[in-house]
Structure formats: C-alpha cells, structure tokens
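Colleague: Handing you a structure now.
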2 protein chains.
Amino acid sequence: MDAKTKVQCEARARIIKALGHPSRVHMVEALSRGERCVCELTEMVGADVSTVSKHLSVLKNAGIVKDEKRGSQVFYSLRVPCILDFFGCVEAVLQANAAEHNALMRRLSCAAFGCRTK
Amino acid sequence: MDAKTKVQCEARARIIKALGHPSRVHMVEALSRGERCVCELTEMVGADVSTVSKHLSVLKNAGIVKDEKRGSQVFYSLRVPCILDFFGCVEAVLQANAAEHNALMRRLSCAAFGCRTK
DNA sequence: TGGCCCTTTGGCAATATTGCCAAATGTTTT
DNA sequence: AAAACATTTGGCAATATTGCCAAAGGGCCA
C-alpha cells in the first residue's frame, strides 16, 4: 500500500470510526434534525455529562459536528448534512442481515419439522 | 433512551464500526470494484495474512461482505453495493476539514506577517 | 500419501476506547 | 461575592481492538 493511499485510508477511517459508537450514532441522528445543547443530548443519551461531552469532542475532532457557545450553553450541530446518506446504507445492510437471518430460521425450522425444500 | 432505540443504535454502530479501520476501508474500496481473494487483499494491504483474515471476518460479521470458497481460495465481495454512498459523505467531511484547515492557516499567517483582514 | 498452497484460529502483548467520579472553568442569577 | 448552572478536563480502572507468530484445517497436485 503506497504512502498516499495509506494516508487517505487513515483519514477516512478516522471519520467513520468517530461515528462507530451507539451514543454517537444516536446524537448525530438527533443533530440531523437540528442543533442541540449538551444538556439535551445528555438527557437523551442517558449517560454522565462528562461522558457525553467526550463523545461530542470525538465527533468534533473528526469534523462531523461543530459547536457554538451561547451564554452558558454550548450548542452542537452537524457540519456536513450528508451524514444521513450514511445511515441510509447502514439500513440497507441491516435489512440484508435480517433477510439472511430469516432465511436461516426458515431452514432451521425445516430441518426441525421436516418441511420440503427444493 | 428507550430500549428499542438503544438496540437500533447499537446495530447501526456495529456496522459503522466495522468500517472504521484503515485496512478495512481500503479493502472495502477495492471490493467495490469487484471480488477479490484473500491473497490479493493481503498483498494490497501489506499486513500478515492472519491479520487480513481477521479484518475480513469483522466485515463479514457486520454483514458488509460475503465470502465464497472456490477451490483452495476464498473470494470476498460486497454484500450491499451502497457502501460507496458512505465514502461520498466521508469525502465531504474531509473537504470541509481541509477548507477549515486552510482558513486557519490563512489566519495564522496573517497574524505572523500582519496582513489585513476585515 | 506427502508436500505445498490458501486460509482461518488460538494466543498474547501492546495499545486504544469507554465511562465514571472529582475537580476546574466559565456564565448567569441572587 | 456567593450560589447555581452548563460544560470540559484529568485521572483511572475495566474492556475492546489490533497485529504478529505459531499452529491447524482443507484443497490440489505430483
């Protein structure tokens, strides 16, 4: 793998990795519907404020969200709207997984109860 | 966060996380251009075969790729084509990051050399 | 059968991530 | 100024990820 490709893959992976956590997925999804302050996100996620703050800084360092201080609160919002394309494809993978799971279940129950397969 | 949302976010994060590694990004990108055997991917990534095999099993467990054994080789391919939408958005984030980085550099060099800003 | 590929698995040490508490910082209110 | 609130940071233990080596299948061919 040549040096340039390596740097490129690392840059991409860094961004994707930042999205790879349940709480962060949840927060990004909420942010796609509009800005939120840390307190709102904290309430939503149900973890310690400090934990949420650190999650947000991961997203911020990756360039996925931006923050804006207003008074004593900090509001976060998506920096790039297309993040949702992401989730569209994730959904497609999940559906494929579910379909396969169903097929497996069908086969298993055929094996157990002796239904006829081609 | 209610139980259903939690499960949903975990499922999504699991898939995204599987893509969050430089070697895996590289491999998925290659696979988007067609199937590849483990040996090809190994050569491409430049790591130990066992390492590559483990990366592939991460992608497979997430439902991102599928494998097919032919003779003594195993060929991997994408299971869901839209994975590329992913990279499209990642690219957008990278560009936003680069733009911001440039703006920062401009400001810094103004500060250092005293150019005029509005 | 024996030897040679291709691939996966087990094991392990190095490293990174996560989440909480406590404490620090900055802001608004009393 | 003190109290109350919103957020970030430092520290730390628990956990997960990563990558190599060694070893274990399977398949192919002489």
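In the structure tokens, each chain is lettered A, B, ... as it comes, each chain's residues begin at 1, and ligands are numbered from 1 in order of appearance.
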Which residues, written as a list in words, have at least one atom at most 8 Å from segment 2-13 of chain D, with only C-alpha atoms (C1' of nucleotides) counted and residues fewer than 3 positions away on the same chain left out?
Modeller: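 The filter keeps Val38, Cys39, Ser50, Ser53, Ser72, Gln73 and Val74 of chain A; DA24, DT25, DT28, DT29 and DT30 of chain C.
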Colleague: Select from chain D every residue with an atom at most 9 Å from any atom of chain B, then for each give the shortest pair of atoms and their distance in Å to one decimal, using only C-alpha atoms (C1' of nucleotides), rows by chain and rising number, as a Markdown table.
Modeller:
| residue | atom | partner | partner_atom | distance |
| --- | --- | --- | --- | --- |
| D:DT18 | C1' | B:Thr51 | CA | 8.6 |
| D:DG19 | C1' | B:Thr51 | CA | 6.1 |
| D:DC20 | C1' | B:Asp48 | CA | 7.4 |
| D:DG26 | C1' | B:Ser72 | CA | 7.3 |
| D:DG27 | C1' | B:Ser72 | CA | 5.1 |
| D:DC28 | C1' | B:Ser72 | CA | 7.7 |
Colleague: Counting only C-alpha atoms (C1' of nucleotides), collect the residues of chain C whose closest atom lies at most 10 Å from chain B, and write them out as a list in words.
Modeller: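 Every residue of chain C that passes the 10 Å test is in DC5, DC6, DT7, DT8 and DT9 of chain C.
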Colleague: Residues of chain B near chain A: apply a cut-off of 8 Å, count only C-alpha atoms, and supply the list as a compact mmCIF listing (two decimals) with all heavy atoms, in the first residue's frame.
Modeller:
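selection-v6.txt written:
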# COMPACT_ATOMS: atom_id res chain seq x y z
N MET B 1 -32.98 7.01 27.09
CA MET B 1 -33.04 6.33 25.77
C MET B 1 -33.80 5.02 25.92
O MET B 1 -33.36 4.11 26.62
CB MET B 1 -31.60 6.08 25.29
CG MET B 1 -31.50 5.15 24.11
SD MET B 1 -30.06 5.42 23.06
CE MET B 1 -28.68 5.25 24.17
N LYS B 6 -32.19 2.05 21.72
CA LYS B 6 -30.85 1.60 22.10
C LYS B 6 -30.39 0.45 21.20
O LYS B 6 -29.28 0.48 20.68
CB LYS B 6 -30.88 1.14 23.57
CG LYS B 6 -29.51 0.95 24.16
CD LYS B 6 -29.57 0.52 25.61
CE LYS B 6 -28.21 0.04 26.07
NZ LYS B 6 -28.32 -1.00 27.11
N CYS B 9 -29.59 1.75 17.74
CA CYS B 9 -28.32 2.48 17.65
C CYS B 9 -27.14 1.52 17.75
O CYS B 9 -26.12 1.70 17.08
CB CYS B 9 -28.22 3.53 18.75
SG CYS B 9 -29.32 4.92 18.48
N GLU B 10 -27.28 0.51 18.58
CA GLU B 10 -26.19 -0.45 18.70
C GLU B 10 -25.99 -1.21 17.40
O GLU B 10 -24.86 -1.44 16.97
CB GLU B 10 -26.49 -1.43 19.85
CG GLU B 10 -26.23 -0.81 21.21
CD GLU B 10 -26.77 -1.67 22.35
OE1 GLU B 10 -27.46 -2.68 22.06
OE2 GLU B 10 -26.52 -1.34 23.50
N ALA B 11 -27.10 -1.58 16.76
CA ALA B 11 -27.00 -2.31 15.50
C ALA B 11 -26.31 -1.45 14.44
O ALA B 11 -25.44 -1.92 13.71
CB ALA B 11 -28.39 -2.72 15.02
N ARG B 12 -26.70 -0.19 14.39
CA ARG B 12 -26.09 0.69 13.40
C ARG B 12 -24.63 0.92 13.69
O ARG B 12 -23.78 0.90 12.80
CB ARG B 12 -26.82 2.03 13.38
CG ARG B 12 -28.21 1.91 12.82
CD ARG B 12 -28.96 3.22 12.93
NE ARG B 12 -30.30 3.07 12.37
CZ ARG B 12 -31.21 4.02 12.36
NH1 ARG B 12 -30.94 5.20 12.88
NH2 ARG B 12 -32.40 3.81 11.83
N ALA B 13 -24.34 1.15 14.96
CA ALA B 13 -22.95 1.44 15.33
C ALA B 13 -22.05 0.24 15.02
O ALA B 13 -20.91 0.41 14.61
CB ALA B 13 -22.86 1.80 16.81
N ARG B 14 -22.58 -0.95 15.21
CA ARG B 14 -21.78 -2.14 14.95
C ARG B 14 -21.32 -2.19 13.50
O ARG B 14 -20.16 -2.51 13.19
CB ARG B 14 -22.57 -3.40 15.30
CG ARG B 14 -21.67 -4.55 15.70
CD ARG B 14 -22.41 -5.71 16.36
NE ARG B 14 -23.66 -5.33 16.96
CZ ARG B 14 -24.86 -5.69 16.47
NH1 ARG B 14 -24.95 -6.45 15.42
NH2 ARG B 14 -25.97 -5.31 17.09
N ILE B 15 -22.23 -1.83 12.61
CA ILE B 15 -21.89 -1.84 11.19
C ILE B 15 -20.89 -0.76 10.86
O ILE B 15 -19.90 -0.98 10.15
CB ILE B 15 -23.17 -1.67 10.35
CG1 ILE B 15 -24.06 -2.91 10.52
CG2 ILE B 15 -22.84 -1.44 8.89
CD1 ILE B 15 -25.43 -2.74 9.95
N ILE B 16 -21.14 0.43 11.37
CA ILE B 16 -20.24 1.55 11.07
C ILE B 16 -18.85 1.28 11.64
O ILE B 16 -17.83 1.52 10.99
CB ILE B 16 -20.81 2.85 11.65
CG1 ILE B 16 -22.15 3.17 10.96
CG2 ILE B 16 -19.84 4.00 11.47
CD1 ILE B 16 -22.87 4.36 11.54
N LYS B 17 -18.84 0.76 12.84
CA LYS B 17 -17.57 0.47 13.49
C LYS B 17 -16.73 -0.51 12.68
O LYS B 17 -15.51 -0.41 12.63
CB LYS B 17 -17.87 -0.14 14.86
CG LYS B 17 -16.75 -0.08 15.84
CD LYS B 17 -17.31 -0.43 17.20
CE LYS B 17 -16.25 -0.68 18.22
NZ LYS B 17 -16.88 -1.09 19.51
N ALA B 18 -17.42 -1.46 12.06
CA ALA B 18 -16.70 -2.46 11.27
C ALA B 18 -15.95 -1.79 10.12
O ALA B 18 -14.95 -2.31 9.63
CB ALA B 18 -17.67 -3.52 10.74
N LEU B 19 -16.43 -0.65 9.69
CA LEU B 19 -15.77 0.06 8.59
C LEU B 19 -14.70 1.02 9.09
O LEU B 19 -14.00 1.64 8.29
CB LEU B 19 -16.80 0.86 7.79
CG LEU B 19 -17.52 0.10 6.69
CD1 LEU B 19 -18.70 0.91 6.18
CD2 LEU B 19 -16.56 -0.17 5.55
N GLY B 20 -14.57 1.15 10.39
CA GLY B 20 -13.72 2.18 10.94
C GLY B 20 -12.28 1.77 11.17
O GLY B 20 -11.75 1.93 12.27
N HIS B 21 -11.65 1.29 10.15
CA HIS B 21 -10.23 0.92 10.25
C HIS B 21 -9.59 1.09 8.88
O HIS B 21 -10.18 0.67 7.88
CB HIS B 21 -10.10 -0.52 10.73
CG HIS B 21 -8.68 -0.93 10.99
ND1 HIS B 21 -7.78 -1.18 9.96
CD2 HIS B 21 -7.99 -1.11 12.13
CE1 HIS B 21 -6.62 -1.51 10.48
NE2 HIS B 21 -6.71 -1.47 11.79
N PRO B 22 -8.41 1.69 8.84
CA PRO B 22 -7.78 1.99 7.55
C PRO B 22 -7.72 0.78 6.61
O PRO B 22 -8.12 0.88 5.45
CB PRO B 22 -6.38 2.44 7.95
CG PRO B 22 -6.52 2.97 9.32
CD PRO B 22 -7.61 2.17 9.97
N SER B 23 -7.26 -0.35 7.10
CA SER B 23 -7.16 -1.52 6.22
C SER B 23 -8.53 -1.95 5.72
O SER B 23 -8.69 -2.36 4.56
CB SER B 23 -6.52 -2.69 6.98
OG SER B 23 -5.23 -2.34 7.41
N VAL B 25 -11.19 -0.05 5.35
CA VAL B 25 -11.63 0.93 4.37
C VAL B 25 -11.02 0.62 3.01
O VAL B 25 -11.70 0.58 1.99
CB VAL B 25 -11.22 2.36 4.80
CG1 VAL B 25 -11.32 3.33 3.63
CG2 VAL B 25 -12.08 2.84 5.95
N HIS B 26 -9.74 0.35 3.04
CA HIS B 26 -9.02 0.06 1.81
C HIS B 26 -9.59 -1.18 1.12
O HIS B 26 -9.82 -1.20 -0.09
CB HIS B 26 -7.54 -0.15 2.13
CG HIS B 26 -6.65 -0.09 0.94
ND1 HIS B 26 -5.31 -0.33 1.01
CD2 HIS B 26 -6.90 0.17 -0.35
CE1 HIS B 26 -4.77 -0.22 -0.18
NE2 HIS B 26 -5.71 0.10 -1.03
N MET B 44 -2.38 -6.34 -1.18
CA MET B 44 -2.76 -4.95 -1.30
C MET B 44 -2.55 -4.19 0.01
O MET B 44 -2.00 -3.09 0.03
CB MET B 44 -4.23 -4.89 -1.70
CG MET B 44 -4.72 -3.57 -2.18
SD MET B 44 -6.52 -3.64 -2.42
CE MET B 44 -7.08 -3.57 -0.72
N VAL B 45 -2.98 -4.81 1.10
CA VAL B 45 -2.94 -4.13 2.39
C VAL B 45 -1.52 -4.12 2.97
O VAL B 45 -1.11 -3.18 3.63
CB VAL B 45 -3.92 -4.80 3.39
CG1 VAL B 45 -3.64 -4.35 4.80
CG2 VAL B 45 -5.35 -4.47 2.99
N GLY B 46 -0.79 -5.19 2.70
CA GLY B 46 0.57 -5.26 3.20
C GLY B 46 0.67 -5.58 4.67
O GLY B 46 1.49 -5.02 5.40
N GLY B 63 -21.94 -8.02 8.19
CA GLY B 63 -22.84 -8.15 7.05
C GLY B 63 -22.46 -7.27 5.88
O GLY B 63 -23.24 -7.06 4.96
N ILE B 64 -21.24 -6.77 5.90
CA ILE B 64 -20.81 -5.86 4.84
C ILE B 64 -20.29 -6.61 3.63
O ILE B 64 -20.48 -6.20 2.50
CB ILE B 64 -19.75 -4.87 5.38
CG1 ILE B 64 -20.40 -3.96 6.42
CG2 ILE B 64 -19.12 -4.06 4.26
CD1 ILE B 64 -19.43 -3.15 7.23
N ARG B 79 -21.62 -7.12 -0.02
CA ARG B 79 -22.95 -7.72 0.03
C ARG B 79 -24.01 -6.68 -0.31
O ARG B 79 -25.09 -7.01 -0.76
CB ARG B 79 -23.20 -8.30 1.42
CG ARG B 79 -24.20 -9.42 1.40
CD ARG B 79 -24.05 -10.27 2.60
NE ARG B 79 -24.48 -9.56 3.78
CZ ARG B 79 -25.67 -9.78 4.35
NH1 ARG B 79 -26.47 -10.68 3.89
NH2 ARG B 79 -26.01 -9.09 5.41
N VAL B 80 -23.68 -5.42 -0.04
CA VAL B 80 -24.62 -4.33 -0.29
C VAL B 80 -23.85 -3.23 -1.02
O VAL B 80 -22.88 -2.69 -0.49
CB VAL B 80 -25.16 -3.79 1.04
CG1 VAL B 80 -26.01 -2.56 0.80
CG2 VAL B 80 -25.96 -4.86 1.76
N CYS B 82 -24.38 -0.12 -1.82
CA CYS B 82 -24.44 1.29 -1.46
C CYS B 82 -23.33 1.74 -0.53
O CYS B 82 -23.24 2.92 -0.18
CB CYS B 82 -25.78 1.62 -0.82
SG CYS B 82 -26.02 0.80 0.76
N ILE B 83 -22.47 0.81 -0.14
CA ILE B 83 -21.37 1.18 0.75
C ILE B 83 -20.64 2.42 0.24
O ILE B 83 -20.12 3.22 1.01
CB ILE B 83 -20.37 0.02 0.87
CG1 ILE B 83 -21.00 -1.17 1.59
CG2 ILE B 83 -19.13 0.46 1.62
CD1 ILE B 83 -21.21 -0.97 3.05
N ASP B 85 -21.87 5.10 -0.96
CA ASP B 85 -22.51 6.34 -0.50
C ASP B 85 -21.79 6.85 0.74
O ASP B 85 -21.60 8.04 0.95
CB ASP B 85 -23.98 6.11 -0.13
CG ASP B 85 -24.77 5.64 -1.33
OD1 ASP B 85 -24.23 5.63 -2.44
OD2 ASP B 85 -25.94 5.27 -1.13
N PHE B 86 -21.46 5.89 1.55
CA PHE B 86 -20.65 6.12 2.72
C PHE B 86 -19.47 7.00 2.42
O PHE B 86 -19.29 8.06 2.99
CB PHE B 86 -20.09 4.76 3.14
CG PHE B 86 -20.59 4.30 4.44
CD1 PHE B 86 -21.77 3.60 4.51
CD2 PHE B 86 -19.88 4.54 5.60
CE1 PHE B 86 -22.23 3.14 5.72
CE2 PHE B 86 -20.35 4.09 6.80
CZ PHE B 86 -21.52 3.38 6.87
N PHE B 87 -18.68 6.52 1.49
CA PHE B 87 -17.43 7.21 1.22
C PHE B 87 -17.67 8.58 0.62
O PHE B 87 -16.89 9.50 0.84
CB PHE B 87 -16.55 6.35 0.32
CG PHE B 87 -16.05 5.13 1.01
CD1 PHE B 87 -16.30 3.87 0.52
CD2 PHE B 87 -15.33 5.25 2.20
CE1 PHE B 87 -15.84 2.75 1.18
CE2 PHE B 87 -14.87 4.12 2.87
CZ PHE B 87 -15.13 2.86 2.35
N CYS B 89 -19.89 10.72 1.48
CA CYS B 89 -20.07 11.67 2.57
C CYS B 89 -18.78 11.88 3.35
O CYS B 89 -18.46 12.99 3.77
CB CYS B 89 -21.18 11.20 3.50
SG CYS B 89 -21.45 12.37 4.83
N VAL B 90 -18.04 10.80 3.52
CA VAL B 90 -16.76 10.93 4.21
C VAL B 90 -15.87 11.93 3.48
O VAL B 90 -15.22 12.77 4.10
CB VAL B 90 -16.05 9.56 4.29
CG1 VAL B 90 -14.62 9.72 4.79
CG2 VAL B 90 -16.82 8.62 5.19
N GLU B 91 -15.94 11.86 2.17
CA GLU B 91 -15.15 12.79 1.36
C GLU B 91 -15.59 14.23 1.62
O GLU B 91 -14.77 15.14 1.70
CB GLU B 91 -15.34 12.44 -0.12
CG GLU B 91 -14.06 12.35 -0.89
CD GLU B 91 -13.02 11.51 -0.19
OE1 GLU B 91 -13.33 10.38 0.28
OE2 GLU B 91 -11.88 11.98 -0.08
N ALA B 92 -16.90 14.42 1.74
CA ALA B 92 -17.42 15.76 2.00
C ALA B 92 -16.90 16.29 3.34
O ALA B 92 -16.53 17.45 3.46
CB ALA B 92 -18.94 15.74 2.00
N VAL B 93 -16.85 15.43 4.33
CA VAL B 93 -16.33 15.85 5.64
C VAL B 93 -14.86 16.21 5.51
O VAL B 93 -14.41 17.23 6.02
CB VAL B 93 -16.50 14.73 6.69
CG1 VAL B 93 -15.84 15.13 8.00
CG2 VAL B 93 -17.98 14.45 6.92
N LEU B 94 -14.13 15.38 4.79
CA LEU B 94 -12.70 15.65 4.62
C LEU B 94 -12.48 16.99 3.93
O LEU B 94 -11.58 17.75 4.31
CB LEU B 94 -12.05 14.54 3.79
CG LEU B 94 -11.77 13.25 4.55
CD1 LEU B 94 -11.32 12.16 3.59
CD2 LEU B 94 -10.68 13.50 5.60
N ALA B 96 -14.51 19.56 3.98
CA ALA B 96 -14.84 20.62 4.95
C ALA B 96 -13.68 20.81 5.92
O ALA B 96 -13.30 21.94 6.25
CB ALA B 96 -16.12 20.27 5.70
N ASN B 97 -13.09 19.70 6.33
CA ASN B 97 -11.94 19.79 7.24
C ASN B 97 -10.79 20.53 6.58
O ASN B 97 -10.15 21.39 7.18
CB ASN B 97 -11.48 18.39 7.65
CG ASN B 97 -12.44 17.71 8.59
OD1 ASN B 97 -13.39 18.32 9.06
ND2 ASN B 97 -12.22 16.43 8.87
Colleague: Using DSSP secondary structure from the backbone, list all alpha helix (DSSP H) positions within segment 5-118 of chain A, as a PyMOL selection string.
Modeller: chain A and resi 5-18+22-31+38-45+49-61+83-113
Colleague: Using DSSP secondary structure from the backbone, list all strand (DSSP E) positions within segment 72-112 of chain B, as a list of chain:residue names.
Modeller: B:Gln73, B:Val74, B:Phe75, B:Tyr76, B:Ser77, B:Leu78
Colleague: Between atom CA of Arg36 of chain B and atom CA of Tyr76 of chain B, what is the distance, to one decimal in Å?
Modeller: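 Rounded to one decimal, the two atoms are 5.5 Å apart.
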Colleague: What is the atom C1' of DA14 of chain D to atom CA of Lys60 of chain B distance in Å?
Modeller: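 For atom C1' of DA14 of chain D relative to atom CA of Lys60 of chain B, the distance reads 27.6 Å.
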Colleague: How many Å lie between atom CA of Ala30 of chain A and atom CA of Ala3 of chain B, rounded to one decimal?
Modeller: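 About the pair atom CA of Ala30 of chain A and atom CA of Ala3 of chain B: they are 16.5 Å apart.
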